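Right, one structure below, let's go through it.
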Number of protein chains: 6
Amino acid sequence: MNVTVSRKAHFNAAHRLYRKDWSDQQNELIFGKCSNPNFHGHNYELIVSVTGPIDPQTGYVIDMKVLKDHIKTQVEDVFDHKNLNLEVPEFMDTIPTAENIVVVIYDKLKKILKPNQSMEVVLYETPRNFVTYSEKL
Amino acid sequence: MNVTVSRKAHFNAAHRLYRKDWSDQQNELIFGKCSNPNFHGHNYELIVSVTGPIDPQTGYVIDMKVLKDHIKTQVEDVFDHKNLNLEVPEFMDTIPTAENIVVVIYDKLKKILKPNQSMEVVLYETPRNFVTYSEKL
Amino acid sequence: MNVTVSRKAHFNAAHRLYRKDWSDQQNELIFGKCSNPNFHGHNYELIVSVTGPIDPQTGYVIDMKVLKDHIKTQVEDVFDHKNLNLEVPEFMDTIPTAENIVVVIYDKLKKILKPNQSMEVVLYETPRNFVTYSEKL
Amino acid sequence: MNVTVSRKAHFNAAHRLYRKDWSDQQNELIFGKCSNPNFHGHNYELIVSVTGPIDPQTGYVIDMKVLKDHIKTQVEDVFDHKNLNLEVPEFMDTIPTAENIVVVIYDKLKKILKPNQSMEVVLYETPRNFVTYSEKL
Amino acid sequence: MNVTVSRKAHFNAAHRLYRKDWSDQQNELIFGKCSNPNFHGHNYELIVSVTGPIDPQTGYVIDMKVLKDHIKTQVEDVFDHKNLNLEVPEFMDTIPTAENIVVVIYDKLKKILKPNQSMEVVLYETPRNFVTYSEKL
Amino acid sequence: MNVTVSRKAHFNAAHRLYRKDWSDQQNELIFGKCSNPNFHGHNYELIVSVTGPIDPQTGYVIDMKVLKDHIKTQVEDVFDHKNLNLEVPEFMDTIPTAENIVVVIYDKLKKILKPNQSMEVVLYETPRNFVTYSEKL
């Protein structure tokens, strides 16, 4: 009997979408105003979900405080108030689209999973645009 | 590696729930105040999700602007500020319940999918009632 | 020492914006797609606020249950699942813009106020458009 | 062709997390401030989703009013303004964690399902913490 | 030129509404299920607003971090995961209605105000019920 | 009889908080991680409210479409996907704190007001932090 436990978190960051190997014109064509060389930014809202059996001792799938602290050290401390392109190593050679960010976050967080648990991460780039990643998709 | 990209949109419309082949009494019995012959209406909120692989060139599953524009021409321009029963051909012979509307919207939008992509549509009829459709359900 | 107590409520309705004494062309010019003769509709969300002194016996400004019931009988039962133009007497000769609706609701609800209380009504026509009325504005 | 229909509901309750067979110290260690012997409480928000085929007669998967009334009698009337540990029989011997509560709610509601329908229940303990249960997880 | 700066916070607590000098019957009559002797609870959401001139040096009315920390020490640390009736001294002899709680919070927070600043506090007891207090009301 | 009409809008931008005439150390001390030289960013959500009498001809205080278009040309087109410090002239010599941004937006928008109308602008920097400006405060 599996239950999913979800926790919301958030961070603010600057980014731009562009490829170094493309001309400014081509970046503008594909990424539009998101390729602005001076950056723009978002309040990223995050929902991390862990699915697994309930521990009969505690009634928990995972202790929310443990999940919250892990999100803080692995994601918030690393991304919050940062320039993703310039300050987060994973995006030195990867375009920080919402799709790529959510996969990076998933990879950072999945370390806490036990073998009988799985994870899904939802990332809101704006209240109207969001992405979801799990290995089941 | 598949990621899901989701975009919110919205439209306002009037509708009523009733069957022409039923008496007023039977319509009232089944559809209650939703069968009001003078119509009532809703702010429909829509979430369209496309699941597929990330394009390694752009870091996109699908360009949000393309998805947004497609929702506008296929759904918002056709449904917004309309009377669904009287002005939208799909509901001339189909009752515009949330369930039927979400399937119609899905069918209109699925044309943009590439063979390796799938779609899910969520339609909020009110902030407290919503429906979800995808071929996987 | 005054405190404000607020309660949310909601109703769904159809309406259209037009003046009988104007041509269709002029209605279209001023009210755009809101003048659609077949009506459109909204989920109206309502926030009713009563300001007054705290009753030292109960710790209440007004009993929320009393306020909730009054909103139900005076507003929800009258407006919900109705066509405002055709079925609500106040809008037979008044255009049901959000501005006019909020004033009508205020007038219906203010009867419950004690002499040392005042009221404010907020009406969301959509999650992005709303109006506010009180005699203090 | 299956569609999912979802309905939001809510109740307020008090609870505490602790095991009678553990010392106060061990309860404090595992459950932190949630083990406060004087209880604390939450506004629980609930989303109940039923998936199944659309009835071609009515255009409904399930009549929302039937679902709403069932949630009221099975969940809201039993849990609202209650102390879960002291007043809800299911939690006399089960710790009322969000995980355990969502499974209890699921079991109470699944009785209304037809053989070709399935259910999912989401329970928000706070706006930032929530759990999800269905037999498919 | 005054600007208002607002910060959201939250805490969870148990409470009951009753007067020791009233019979159980009278408490039940006035406070209904809120008088349950076993307590019930809420996720209280708080919005604290400070109005004052912008400091020309910093562009701040008040440093959000200072406001956030003050809310934490004065309100969250004192009320979170507590039983308001049994564990918060201000409610030993005062009924913990939302109205009384918001005034207590206001009094705890107003110490940080400079002479040219004023404050308003909004307290959501549920997403549908909230109260507002400031000395201007 | 005045009514307030409110419209929500939004833009995404990058910014940093710092004074050129202060050392890095002093900027860090006062503005913390908001002074990051590589910028960070936000989804700014905006609520623009116009208060005035209802036009008896139209039932409008102000045509929402006019207000929406004015917000688009004066605010969204100028701020969206921009670096406020580098690309918006008003912030060349003014720190782009939420307080300063809301006053700049107010000044850009107040041109549309008629003599018997007043305005209020609310700017959410994050879902948890927001500022409000009007000449009445």
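Labeling convention for the structure tokens: chains A, B, ... as they appear, residues from 1 per chain, ligands from 1 in order of appearance.
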Open item on the list: Can you pull out every residue from chain A that DSSP, working from the backbone, puts in helix (DSSP H, G or I), and format the result as a PyMOL selection string?
Closed with: chain A and resi 24-35+64-79+84-87+89-91+98-112
With chain B as the partner and 7 Å as the cut-off, tabulate the residues of chain A that qualify, each row holding the nearest pair of atoms and their distance in Å to one decimal, using only C-alpha atoms, sorted by chain and rising number, as JSON lines.
```
{"residue": "A:Ile95", "atom": "CA", "partner": "B:Gly59", "partner_atom": "CA", "distance": 6.2}
{"residue": "A:Thr97", "atom": "CA", "partner": "B:Gly59", "partner_atom": "CA", "distance": 5.9}
{"residue": "A:Glu99", "atom": "CA", "partner": "B:Tyr60", "partner_atom": "CA", "distance": 6.4}
{"residue": "A:Asn100", "atom": "CA", "partner": "B:Gly59", "partner_atom": "CA", "distance": 6.3}
{"residue": "A:Arg128", "atom": "CA", "partner": "B:Lys8", "partner_atom": "CA", "distance": 4.9}
{"residue": "A:Asn129", "atom": "CA", "partner": "B:Arg7", "partner_atom": "CA", "distance": 4.8}
{"residue": "A:Phe130", "atom": "CA", "partner": "B:Ser6", "partner_atom": "CA", "distance": 5.1}
{"residue": "A:Val131", "atom": "CA", "partner": "B:Val5", "partner_atom": "CA", "distance": 4.4}
{"residue": "A:Thr132", "atom": "CA", "partner": "B:Thr4", "partner_atom": "CA", "distance": 4.9}
{"residue": "A:Tyr133", "atom": "CA", "partner": "B:Val3", "partner_atom": "CA", "distance": 5.0}
{"residue": "A:Leu137", "atom": "CA", "partner": "B:Asn2", "partner_atom": "CA", "distance": 5.6}
```
TODO: Please provide as a PyMOL selection string all residues within 9 Å of segment 79-89 of chain B, with the sequence filter that same-chain residues fewer than 4 positions apart are discarded (counting only C-alpha atoms).
DONE: (chain B and resi 10-17+39+41+74-75+93-96) or (chain C and resi 33-36+38-41)
TODO: State, in Å with one decimal place, the distance from atom CA of Leu113 of chain B to atom CA of Thr126 of chain A.
DONE: 23.2 Å
TODO: Could you jot down the atom CA of Tyr18 of chain F to atom CA of Ile112 of chain E separation for me, Å, one decimal place?
DONE: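 About the pair atom CA of Tyr18 of chain F and atom CA of Ile112 of chain E: they are 24.6 Å apart.
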TODO: Using DSSP on the backbone coordinates, identify all residues within segment 23-112 of chain C classified as strand (DSSP E or B); present the result as a PyMOL selection string.
DONE: chain C and resi 40-53+82-83
Open item on the list: As an exercise, work out the distance from atom CA of Val121 of chain B to atom CA of Tyr44 of chain B in Å and give it to one decimal place.
Closed with: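 Calculated distance between atom CA of Val121 of chain B and atom CA of Tyr44 of chain B is 12.4 Å.
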